[in-house]
Every structure is written in C-alpha cells, then in structure tokens.
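Structure below is target.pdb: PDB, C-alpha atoms.
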ATOM      1  CA  MET A 591    -207.988 128.046 -53.747
ATOM      2  CA  ALA A 592    -210.825 126.966 -56.033
ATOM      3  CA  LYS A 593    -210.437 127.384 -59.766
ATOM      4  CA  GLY A 594    -213.027 128.966 -62.059
ATOM      5  CA  HIS A 595    -215.474 131.806 -61.880
ATOM      6  CA  ARG A 596    -217.442 132.332 -58.695
ATOM      7  CA  SER A 597    -220.804 131.530 -60.345
ATOM      8  CA  GLN A 598    -219.339 128.325 -61.799
ATOM      9  CA  ILE A 599    -218.059 127.251 -58.385
ATOM     10  CA  LYS A 600    -221.479 127.908 -56.838
ATOM     11  CA  ARG A 601    -223.198 125.985 -59.634
ATOM     12  CA  GLU A 602    -220.952 122.951 -59.074
ATOM     13  CA  ARG A 603    -221.439 123.089 -55.320
ATOM     14  CA  ASN A 604    -225.227 123.293 -55.619
ATOM     15  CA  ALA A 605    -225.342 120.476 -58.196
ATOM     16  CA  LYS A 606    -224.200 117.944 -55.582
ATOM     17  CA  LYS A 607    -227.475 116.876 -53.962
ATOM     18  CA  ASP A 608    -227.418 115.099 -50.622
ATOM     19  CA  THR A 609    -229.424 111.889 -51.102
ATOM     20  CA  ARG A 610    -229.272 110.793 -47.471
ATOM     21  CA  PRO A 611    -232.671 110.681 -45.733
ATOM     22  CA  SER A 612    -233.143 113.450 -43.209
ATOM     23  CA  ALA A 613    -235.708 115.361 -41.195
ATOM     24  CA  LYS A 614    -235.574 118.904 -39.880
ATOM     25  CA  LEU A 615    -237.548 120.630 -37.137
ATOM     26  CA  SER A 616    -237.427 124.405 -37.355
ATOM     27  CA  TYR A 617    -238.250 126.803 -34.532
ATOM     28  CA  ALA A 618    -238.307 124.164 -31.789
ATOM     29  CA  ARG A 619    -238.998 125.825 -28.436
ATOM     30  CA  VAL A 620    -235.939 124.364 -26.758
ATOM     31  CA  SER A 621    -232.461 125.836 -26.458
ATOM     32  CA  VAL A 622    -229.560 124.413 -28.455
ATOM     33  CA  GLN A 623    -227.710 123.371 -25.305
ATOM     34  CA  LYS A 624    -230.632 121.342 -23.981
ATOM     35  CA  ALA A 625    -231.303 119.708 -27.357
ATOM     36  CA  CYS A 626    -227.623 118.750 -27.709
ATOM     37  CA  PHE A 627    -227.735 116.643 -24.523
ATOM     38  CA  VAL A 628    -230.174 114.275 -26.243
ATOM     39  CA  LEU A 629    -228.575 114.524 -29.706
ATOM     40  CA  ASP A 630    -225.142 113.583 -28.325
ATOM     41  CA  ALA A 631    -226.671 110.438 -26.825
ATOM     42  CA  ILE A 632    -228.032 109.135 -30.163
ATOM     43  CA  ARG A 633    -225.280 110.226 -32.589
ATOM     44  CA  GLY A 634    -223.757 107.218 -34.378
ATOM     45  CA  LYS A 635    -226.238 104.713 -32.916
ATOM     46  CA  ASP A 636    -228.463 102.451 -34.988
ATOM     47  CA  VAL A 637    -232.069 103.569 -35.330
ATOM     48  CA  GLN A 638    -233.651 101.044 -32.939
ATOM     49  CA  THR A 639    -231.189 101.919 -30.149
ATOM     50  CA  ALA A 640    -231.654 105.649 -30.763
ATOM     51  CA  LEU A 641    -235.445 105.290 -30.543
ATOM     52  CA  GLY A 642    -235.064 103.431 -27.260
ATOM     53  CA  ILE A 643    -232.811 106.158 -25.857
ATOM     54  CA  VAL A 644    -235.123 109.053 -26.748
ATOM     55  CA  THR A 645    -238.253 107.177 -25.648
ATOM     56  CA  TYR A 646    -237.004 106.722 -22.074
ATOM     57  CA  ASN A 647    -235.067 109.967 -21.739
ATOM     58  CA  PRO A 648    -236.820 112.276 -19.234
ATOM     59  CA  ARG A 649    -235.813 115.539 -20.974
ATOM     60  CA  TYR A 650    -238.383 117.648 -22.839
ATOM     61  CA  ALA A 651    -236.213 117.791 -25.980
ATOM     62  CA  SER A 652    -236.275 113.995 -26.272
ATOM     63  CA  SER A 653    -239.998 114.007 -27.114
ATOM     64  CA  LEU A 654    -239.341 116.422 -29.984
ATOM     65  CA  ILE A 655    -236.340 114.442 -31.198
ATOM     66  CA  GLU A 656    -238.264 111.147 -30.999
ATOM     67  CA  LYS A 657    -240.921 112.502 -33.358
ATOM     68  CA  LEU A 658    -238.214 113.877 -35.668
ATOM     69  CA  LEU A 659    -236.327 110.566 -35.689
ATOM     70  CA  LYS A 660    -239.504 108.665 -36.605
ATOM     71  CA  SER A 661    -240.051 111.129 -39.453
ATOM     72  CA  ALA A 662    -236.508 110.603 -40.757
ATOM     73  CA  ILE A 663    -237.010 106.808 -40.617
ATOM     74  CA  ALA A 664    -240.259 107.131 -42.587
ATOM     75  CA  ASN A 665    -238.478 109.323 -45.156
ATOM     76  CA  ALA A 666    -235.748 106.702 -45.567
ATOM     77  CA  GLU A 667    -238.272 103.908 -45.923
ATOM     78  CA  ASN A 668    -240.715 105.600 -48.302
ATOM     79  CA  ASN A 669    -238.598 108.032 -50.337
ATOM     80  CA  ASN A 670    -235.225 106.235 -50.525
ATOM     81  CA  ASN A 671    -236.411 102.584 -50.315
ATOM     82  CA  MET A 672    -233.921 101.837 -47.525
ATOM     83  CA  ASN A 673    -234.089  98.922 -45.103
ATOM     84  CA  VAL A 674    -234.898 100.080 -41.551
ATOM     85  CA  GLU A 675    -232.675  97.431 -39.914
ATOM     86  CA  ASN A 676    -229.551  98.868 -41.615
ATOM     87  CA  LEU A 677    -230.169 102.535 -40.756
ATOM     88  CA  TYR A 678    -228.111 104.524 -38.270
ATOM     89  CA  VAL A 679    -227.939 108.158 -37.162
ATOM     90  CA  GLU A 680    -225.064 109.608 -39.185
ATOM     91  CA  GLU A 681    -225.500 113.270 -38.260
ATOM     92  CA  CYS A 682    -227.655 115.092 -35.749
ATOM     93  CA  TYR A 683    -227.217 118.680 -34.737
ATOM     94  CA  ALA A 684    -229.075 121.697 -33.423
ATOM     95  CA  ASN A 685    -228.526 125.197 -34.778
ATOM     96  CA  LYS A 686    -229.484 128.423 -33.065
ATOM     97  CA  GLY A 687    -232.854 129.880 -34.019
ATOM     98  CA  PRO A 688    -234.406 133.248 -33.204
ATOM     99  CA  THR A 689    -234.805 134.315 -29.597
ATOM    100  CA  MET A 690    -238.089 135.605 -28.162
ATOM    101  CA  LYS A 691    -237.422 138.428 -25.729
ATOM    102  CA  ARG A 692    -239.778 138.848 -22.801
ATOM    103  CA  ILE A 693    -239.792 141.253 -19.852
ATOM    104  CA  HIS A 694    -240.079 140.215 -16.206
ATOM    105  CA  PRO A 695    -240.915 143.006 -13.742
ATOM    106  CA  ARG A 696    -238.544 143.434 -10.806
ATOM    107  CA  ALA A 697    -238.394 145.666  -7.754
ATOM    108  CA  GLN A 698    -238.399 149.488  -7.930
ATOM    109  CA  GLY A 699    -239.737 149.655 -11.472
ATOM    110  CA  ARG A 700    -236.912 147.737 -13.078
ATOM    111  CA  ALA A 701    -237.385 145.157 -15.795
ATOM    112  CA  TYR A 702    -235.321 142.026 -16.361
ATOM    113  CA  ARG A 703    -235.147 140.459 -19.792
ATOM    114  CA  ILE A 704    -236.030 136.794 -20.240
ATOM    115  CA  GLU A 705    -234.768 135.166 -23.421
ATOM    116  CA  LYS A 706    -236.809 132.231 -24.699
ATOM    117  CA  ARG A 707    -234.469 130.499 -27.097
ATOM    118  CA  MET A 708    -235.374 128.450 -30.161
ATOM    119  CA  SER A 709    -233.403 125.980 -32.233
ATOM    120  CA  HIS A 710    -233.447 124.215 -35.586
ATOM    121  CA  ILE A 711    -232.855 120.460 -35.089
ATOM    122  CA  THR A 712    -231.678 118.247 -37.971
ATOM    123  CA  ILE A 713    -231.268 114.451 -38.103
ATOM    124  CA  VAL A 714    -229.533 112.753 -41.053
ATOM    125  CA  LEU A 715    -229.635 108.951 -41.408
ATOM    126  CA  ASN A 716    -227.591 106.572 -43.548
ATOM    127  CA  GLU A 717    -227.337 102.854 -44.298
ATOM    128  CA  ARG A 718    -224.543 100.619 -43.006
TER     129      ARG A 718
END

Mind converting the file's structure to structure tokens?
Amino acid sequence: MAKGHRSQIKRERNAKKDTRPSAKLSYARVSVQKACFVLDAIRGKDVQTALGIVTYNPRYASSLIEKLLKSAIANAENNNNMNVENLYVEECYANKGPTMKRIHPRAQGRAYRIEKRMSHITIVLNER
C-alpha cells in the first residue's frame, strides 16, 4: 500500500516523465487484433530490421505502422539527440478505440450490425 495522501501520490506519479522517444496514432481505422499481428513482429527488434519487416509485410496495418515508426525515429533523432543505429523498438501496442456502428440490410426487413473498429497504436523506442 502506498504511503501519503492521495493527491501527493498522484503528484509524485505524474512528476516522473517518460523521456523515451515515442509516436502515437489515434483513431487508426484498423482493429486491434489486425494491428497486433504486425506489432508482434517488430517488438524488440532494432529499427532498421523493424522498418524492413513493415515495408514488405502485405497487411494494411503495416503501412500505418511504417509511417508511425518513421515518425518515432525522427522524434528520437531530432528531440532526444539519439543515434539511429542504436535504436530499437522497446514497446509497441495497440489499444481499443471507438467503434463505428453501421447497418447492413438483410432479408425480410431485418438489419445486421457491422462494427468498424478503430485502435490507438503506440510505438516507444529506446537506445541500446
């Protein structure tokens, strides 16, 4: 159990800033499950290998993740003054976003619901 008042605990927790370079794509029109296939392939790999994997992956999510990975590399290079050769993908995950609900007409006046899922994809890099 944590010691101290609740506001003090929150203040201490929020004071710790994460200095690792990252990039986030919100409201990506791809489901979490489909994005995770690509993210699992690049997790823990160095940046050059990860770029090669997402470039030649045939999935739709890989094009989104490639752009996001390039953005995270640029953030590391420009904002954190990190060397690109030493970077690797430390964390990458996809969280569930809102779902667009659509109706598809069926026989005898019925309506089937189609759920178009979205996700929030995050990539966090670090130096070896």

Distance in Å - CA of Ala666 (chain A) versus CA of Pro611 (chain A)
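Distance reported for this atom pair: 5.0 Å.
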
Might you pull out every residue within 9 Å of Asp636 (chain A), with all atoms listed in the file counted and same-chain residues fewer than 3 positions away left off, and present them as a list in words?
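Within the cut-off, the hits are Ile632, Arg633, Thr639, Ala640, Leu641, Glu675, Asn676, Leu677, Tyr678, Val679 and Glu680 of chain A.
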
Filtering to C-alpha atoms, could you give me those residues as a PDB file, in the coordinates of the input?
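That gives us result.pdb:
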ATOM      1  CA  ILE A 632    -228.032 109.135 -30.163  1.00  0.00           C
ATOM      2  CA  ARG A 633    -225.280 110.226 -32.589  1.00  0.00           C
ATOM      3  CA  THR A 639    -231.189 101.919 -30.149  1.00  0.00           C
ATOM      4  CA  ALA A 640    -231.654 105.649 -30.763  1.00  0.00           C
ATOM      5  CA  LEU A 641    -235.445 105.290 -30.543  1.00  0.00           C
ATOM      6  CA  GLU A 675    -232.675  97.431 -39.914  1.00  0.00           C
ATOM      7  CA  ASN A 676    -229.551  98.868 -41.615  1.00  0.00           C
ATOM      8  CA  LEU A 677    -230.169 102.535 -40.756  1.00  0.00           C
ATOM      9  CA  TYR A 678    -228.111 104.524 -38.270  1.00  0.00           C
ATOM     10  CA  VAL A 679    -227.939 108.158 -37.162  1.00  0.00           C
ATOM     11  CA  GLU A 680    -225.064 109.608 -39.185  1.00  0.00           C
TER      12      GLU A 680
END

Kindly resolve the PyMOL selection byres ((chain A and resi 619) around 7) on the present coordinates and return the residues as a PyMOL selection string.
chain A and resi 617-618+620-621+707-709

Thr645 (chain A) environment, 12 Å, only C-alpha atoms, sequence neighbours closer than 6 positions dropped, as a PyMOL selection string:
chain A and resi 628+632+638-639+651-657+659-660

Å distance separating CA of Gly634 (chain A) from CA of Asn670 (chain A), one decimal place:
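We find that CA of Gly634 (chain A) and CA of Asn670 (chain A) lie 19.8 Å from each other.
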
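Take CA of Ala662 (chain A) and CA of Lys606 (chain A): the distance between them is 20.6 Å.
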
Evaluate the PyMOL selection byres ((chain A and resi 614) around 7) on the structure here and hand back the selected residues as a CSV table (one decimal) with C-alpha atoms, in the frame of the given file.
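Writing the result to selection_26.csv gives the following:
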chain,number,residue,atom,x,y,z
A,612,SER,CA,-233.1,113.4,-43.2
A,613,ALA,CA,-235.7,115.4,-41.2
A,615,LEU,CA,-237.5,120.6,-37.1
A,616,SER,CA,-237.4,124.4,-37.4
A,711,ILE,CA,-232.9,120.5,-35.1
A,712,THR,CA,-231.7,118.2,-38.0
A,713,ILE,CA,-231.3,114.5,-38.1

With all atoms listed in the file as the basis for distance, which of A:Gln698, A:Asn716, A:Lys607, A:Asn647 is at the shortest distance from Met672 (chain A)?
A:Asn716

Nearest residue to Glu681 (chain A) out of A:Ala625, A:Val714, A:Ala605, A:Arg696, using only C-alpha atoms?
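Using only C-alpha atoms, the shortest distance to Glu681 (chain A) belongs to A:Val714.
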
Give the answer as one residue: which of A:Thr609, A:Gln598, A:Ser661, A:Gln623 has the shortest atom-to-atom distance to Val637 (chain A), using all atoms listed in the file?
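Looking only at the distances to Val637 (chain A), the closest residue turns out to be A:Ser661.
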
Around all of region 637-655 of chain A's listed atoms, make the axis-aligned box with 3 Å on each side and tell me centre and edge lengths in Å to one decimal, as JSON.
{"center_x": -235.6, "center_y": 109.4, "center_z": -27.3, "size_x": 14.8, "size_y": 22.7, "size_z": 22.1}

Long-range neighbours of region 687-694 of chain A as an mmCIF file with C-alpha atoms, keeping the file's coordinate frame, 6 Å cut-off, all atoms listed in the file, 5 positions minimum in chain:
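Output below, filename result-v1.cif:
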data_model
loop_
_atom_site.group_PDB
_atom_site.id
_atom_site.type_symbol
_atom_site.label_atom_id
_atom_site.label_comp_id
_atom_site.auth_asym_id
_atom_site.auth_seq_id
_atom_site.Cartn_x
_atom_site.Cartn_y
_atom_site.Cartn_z
ATOM 1 C CA ALA A 701 -237.385 145.157 -15.795
ATOM 2 C CA TYR A 702 -235.321 142.026 -16.361
ATOM 3 C CA ARG A 703 -235.147 140.459 -19.792
ATOM 4 C CA ILE A 704 -236.030 136.794 -20.240
ATOM 5 C CA GLU A 705 -234.768 135.166 -23.421
ATOM 6 C CA LYS A 706 -236.809 132.231 -24.699
ATOM 7 C CA ARG A 707 -234.469 130.499 -27.097
ATOM 8 C CA MET A 708 -235.374 128.450 -30.161
ATOM 9 C CA SER A 709 -233.403 125.980 -32.233
ATOM 10 C CA HIS A 710 -233.447 124.215 -35.586
#

From the options A:Arg649, A:Arg596, A:Arg610, A:Arg601, which residue's atoms come nearest to Leu715 (chain A), counting only C-alpha atoms?
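Looking at the shortest contact to Leu715 (chain A), the residue is A:Arg610.
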